[in-house]
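Student: One structure, pasted below without further comment.
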There are 2 protein chains.
Amino acid sequence: MSAPIRLMLADDHPVVRAGLRALLATEPGLEVIGEAATAEEAIALCARERVDVVLMDLQFGAGMPGVEATAALTARPGGPRVLVLTTYDSEADILAAVEAGASGYLLKDAPPEELVAAVRAAAAGGSALAPAVAHRLIDRVRAPGITLSRREIEVLQLVAEGLSNQQISRRLSLSQATVKTHLVHVYGKLGVDSRTAAVAAARARGLIRR
Amino acid sequence: MSAPIRLMLADDHPVVRAGLRALLATEPGLEVIGEAATAEEAIALCARERVDVVLMDLQFGAGMPGVEATAALTARPGGPRVLVLTTYDSEADILAAVEAGASGYLLKDAPPEELVAAVRAAAAGGSALAPAVAHRLIDRVRAPGITLSRREIEVLQLVAEGLSNQQISRRLSLSQATVKTHLVHVYGKLGVDSRTAAVAAARARGLIRR
DNA sequence: CCCGGGATCAACCCTTTGGTTGATGGCGCC
DNA sequence: GGCGCCATCAACCAAAGGGTTGATCCCGGG
């Protein structure tokens, strides 16, 4: 047989780390060689030890966000494969993680077998999307009506952060007219007629960060 | 010595259940006698078995929310003590949980010792608030400026769900004038000047549900 | 007992947003 | 090359939201 898969767990919740360790350590061919409570720790640990697969949370309480760490880890050749493991299946997060070089995107409510399968797939060089995540992406492709363009999401995200149209226009170096146009398009796509309703709908659909 | 403390874990995430089991099962005097993936299961299990302490999540993917289950479990005499264990320290959630009869409110990013201490305290008939949670409540008492009244929170929550002033007034059987008054007060307390900014600020401060 | 804060409403005015129409330029795709 | 989508902007009107003042009622605490 080949050498065991060397795993690292990066999550700020001790409970989650313990759970992953418990679920994965008993699997044959897997070996949990380290844990990190912050993204910075995770990077440092990968620099010291050979790691095959990192299970990476996206939201850390403080410090570097998980996406950045993912990008940093996957950027170097010979670096570990990164599986993102998070609570939310926000479309924005999924796309950002994949762009950052993640080999897969898993949800914390996934059954253990799914998790193990994903780790093995990642170690073997493949990709792994949790069924729920894959479903969301397929929905996105299948339902072109609820596809927001990059710019539209950008504007909507700022609305969600409480900015007015004028503030958004300044932040993005646009005219207010353009901001309004984007928002009107968003309203049409989401089937709503106000900025607050658009934020609520987009949140519910996972189109923007929470 | 006395009999071991009989524990039940109620959380929809297998990873979290495994983590709690791993962290708690090794503790002397604690015995994890069951797990539930839904609030309904938790209630059923408590009806069949004697349970001293339930570790209860607040958000279940589907079905009955954790607060309701907490209320149902603590309502009967001789029922178990319930420790709420959740990811968010939203003020609204904390107050709702305590009102529902929870003996404590813990965060999933708490260190294991804190968790164990809380379980023992609850079993002994005491209460346990995670330091972070206690801090939030103390802040609330100390800073009366950011205290929203019950009605103000209610209105703001509906704003966050995307309703217009008119829809809110109908939902709560009020005049639009009253809704506006509540919101103006909220803006003043939060130091903002629009409904979307108020929602963002309240979310950041954990005043409303996410 | 009175004061303060919460909750309720009205009338007013001004600003922001929403809705429409229309126009331009770029980019990818058939 | 043309068609469609994205991104950008303008002008305009109608509607909703925001700000102010002021008023009533109820309740609980000093």
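Scheme for the structure tokens: letters A, B, ... for chains in order shown; per-chain residue numbers from 1; ligand numbers from 1 in order shown.
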For the interface of chain C with chain A (cut-off 12 Å, counting only C-alpha atoms (C1' of nucleotides)), please tabulate each contacting residue of chain C alongside its nearest pair of atoms and their separation in Å to one decimal, rows sorted by chain and increasing number, as CSV.

Tutor:
```
residue,atom,partner,partner_atom,distance
C:DT15,C1',A:Ser164,CA,11.9
C:DT16,C1',A:Ser164,CA,8.6
C:DT17,C1',A:Ser194,CA,8.3
C:DG18,C1',A:Ser194,CA,7.5
C:DG19,C1',A:Val184,CA,8.1
C:DT20,C1',A:Val184,CA,10.7
```

Student: Take the residues from that selection and write them out as a compact mmCIF listing (two decimals), in the first residue's frame, keeping N, CA and C atoms (P, O5', C5', C4', C3', O3' and C1' of nucleotides).

Tutor:
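Saved the output as part.txt:
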```
# COMPACT_ATOMS: atom_id res chain seq x y z
P DT C 15 -33.60 68.66 0.65
O5' DT C 15 -33.24 67.11 0.69
C5' DT C 15 -32.89 66.53 1.94
C4' DT C 15 -32.77 65.03 1.79
C3' DT C 15 -31.94 64.57 0.58
O3' DT C 15 -31.04 63.57 1.04
C1' DT C 15 -34.06 63.54 0.52
P DT C 16 -29.92 62.97 0.07
O5' DT C 16 -30.43 61.47 -0.16
C5' DT C 16 -30.96 60.76 0.93
C4' DT C 16 -31.77 59.58 0.44
C3' DT C 16 -31.08 58.76 -0.66
O3' DT C 16 -30.86 57.47 -0.15
C1' DT C 16 -33.38 59.16 -1.17
P DT C 17 -30.14 56.29 -1.04
O5' DT C 17 -31.35 55.33 -1.50
C5' DT C 17 -32.61 55.76 -1.35
C4' DT C 17 -33.71 54.84 -1.80
C3' DT C 17 -33.43 53.79 -2.85
O3' DT C 17 -34.34 52.73 -2.64
C1' DT C 17 -34.88 55.41 -3.76
P DG C 18 -34.20 51.36 -3.56
O5' DG C 18 -35.36 51.59 -4.63
C5' DG C 18 -36.69 51.59 -4.19
C4' DG C 18 -37.65 51.81 -5.35
C3' DG C 18 -37.46 50.86 -6.54
O3' DG C 18 -38.74 50.39 -6.91
C1' DG C 18 -37.38 53.11 -7.29
P DG C 19 -38.98 49.60 -8.30
O5' DG C 19 -39.18 50.78 -9.36
C5' DG C 19 -40.46 51.39 -9.47
C4' DG C 19 -40.70 51.82 -10.91
C3' DG C 19 -40.28 50.79 -11.96
O3' DG C 19 -41.28 50.77 -12.98
C1' DG C 19 -39.07 52.80 -12.30
P DT C 20 -41.15 50.07 -14.36
O5' DT C 20 -40.66 51.24 -15.31
C5' DT C 20 -41.42 52.44 -15.38
C4' DT C 20 -40.87 53.32 -16.48
C3' DT C 20 -40.35 52.55 -17.71
O3' DT C 20 -41.02 52.99 -18.88
C1' DT C 20 -38.75 54.14 -16.98
```

Student: According to DSSP computed on the backbone, where in stretch 16-139 of chain A is there helix (DSSP H, G or I)? Give the residues as a ChimeraX atom specification.

Tutor: /A:16-25,39-48,66-75,91-99,112-123,131-139

Student: Would you compute the distance between atom CA of A:Glu31 and atom CA of A:Leu7? Give it in Å to one decimal.

Tutor: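 These two atoms are separated by 5.8 Å.
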
Student: What lies within 10 Å of C:DG6 using only C-alpha atoms (C1' of nucleotides), ignoring chain neighbours under 5 positions off, as a VMD selection string?

Tutor: (chain B and resid 149 to 152) or (chain D and resid 26 to 27)

Student: For chain D versus chain B, which residues have an atom no more than 10 Å away, and what is each residue's nearest atom pair and distance in Å rounded to one decimal, using only C-alpha atoms (C1' of nucleotides), chain-then-number order, as a tab-separated table?

Tutor:
```
residue	atom	partner	partner_atom	distance
D:DA16	C1'	B:Ser164	CA	8.6
D:DG17	C1'	B:Asn165	CA	8.4
D:DG18	C1'	B:Ser194	CA	7.5
D:DG19	C1'	B:Val184	CA	8.2
```

Student: My list of candidates is B:Gly188, B:Pro112, B:Pro65, B:Pro28. Which is closest to chain A when distances are computed with only C-alpha atoms?

Tutor: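 Smallest separation from chain A among the options: B:Pro112.
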
Student: Select residues of chain A: the criterion is any atom within 9 Å of an atom of chain B, counting only C-alpha atoms; output as a CSV table (one decimal) with C-alpha atoms, in the first residue's frame.

Tutor:
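Listing of result.csv after writing:
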```csv
chain,number,residue,atom,x,y,z
A,12,ASP,CA,-11.0,28.0,15.1
A,13,HIS,CA,-13.5,25.8,17.0
A,14,PRO,CA,-11.9,23.3,19.3
A,15,VAL,CA,-15.1,21.2,19.1
A,16,VAL,CA,-15.0,21.0,15.3
A,17,ARG,CA,-11.3,20.0,15.4
A,18,ALA,CA,-12.0,17.3,17.9
A,19,GLY,CA,-14.9,16.1,15.8
A,20,LEU,CA,-12.9,15.9,12.6
A,21,ARG,CA,-10.1,14.2,14.4
A,22,ALA,CA,-12.5,11.6,15.9
A,23,LEU,CA,-14.1,11.0,12.5
A,61,GLY,CA,-12.9,34.6,14.5
A,108,LYS,CA,-20.1,21.0,8.2
A,109,ASP,CA,-23.4,19.3,8.3
A,110,ALA,CA,-22.2,16.7,5.8
A,111,PRO,CA,-22.3,13.0,6.8
A,112,PRO,CA,-18.9,11.6,7.8
A,159,VAL,CA,-26.0,47.7,0.0
A,160,ALA,CA,-26.0,44.8,2.6
A,161,GLU,CA,-23.2,46.6,4.5
A,162,GLY,CA,-25.5,49.6,4.8
A,163,LEU,CA,-24.1,52.0,2.2
A,164,SER,CA,-26.4,54.4,0.3
A,192,VAL,CA,-38.2,42.2,-5.2
A,194,SER,CA,-36.5,47.4,-2.5
A,195,ARG,CA,-32.9,47.3,-1.4
A,196,THR,CA,-33.6,45.7,1.9
A,197,ALA,CA,-35.7,43.0,0.3
A,198,ALA,CA,-33.0,42.4,-2.2
A,199,VAL,CA,-30.4,41.9,0.6
A,200,ALA,CA,-32.7,39.5,2.4
A,201,ALA,CA,-33.4,37.5,-0.8
A,210,ARG,CA,-23.6,36.9,5.5
```

Student: Expressed in Å to a single decimal, how great is the separation between atom CA of B:Ala10 and atom CA of A:Thr86?

Tutor: 19.4 Å

Student: Need to verify the contact set: D:DT8, 12 Å, only C-alpha atoms (C1' of nucleotides), exclusion of same-chain residues closer than 6 positions in sequence. Can you return it as a count of residues only?

Tutor: 16

Student: What does the distance between atom CA of A:Thr70 and atom CA of A:Ala97 come to in Å, to one decimal place?

Tutor: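 So the two atoms, atom CA of A:Thr70 and atom CA of A:Ala97, lie 7.5 Å apart.
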
Student: Near D:DC25, within 12 Å and counting only C-alpha atoms (C1' of nucleotides), which residues show up once chain neighbours fewer than 6 positions away are dropped, as a PyMOL selection string?

Tutor: chain C and resi 6-9

Student: Given only C-alpha atoms (C1' of nucleotides) as the basis, pick out the residue of C:DT21, C:DC1, C:DC12, C:DC29 nearest to D:DG2.

Tutor: C:DC29
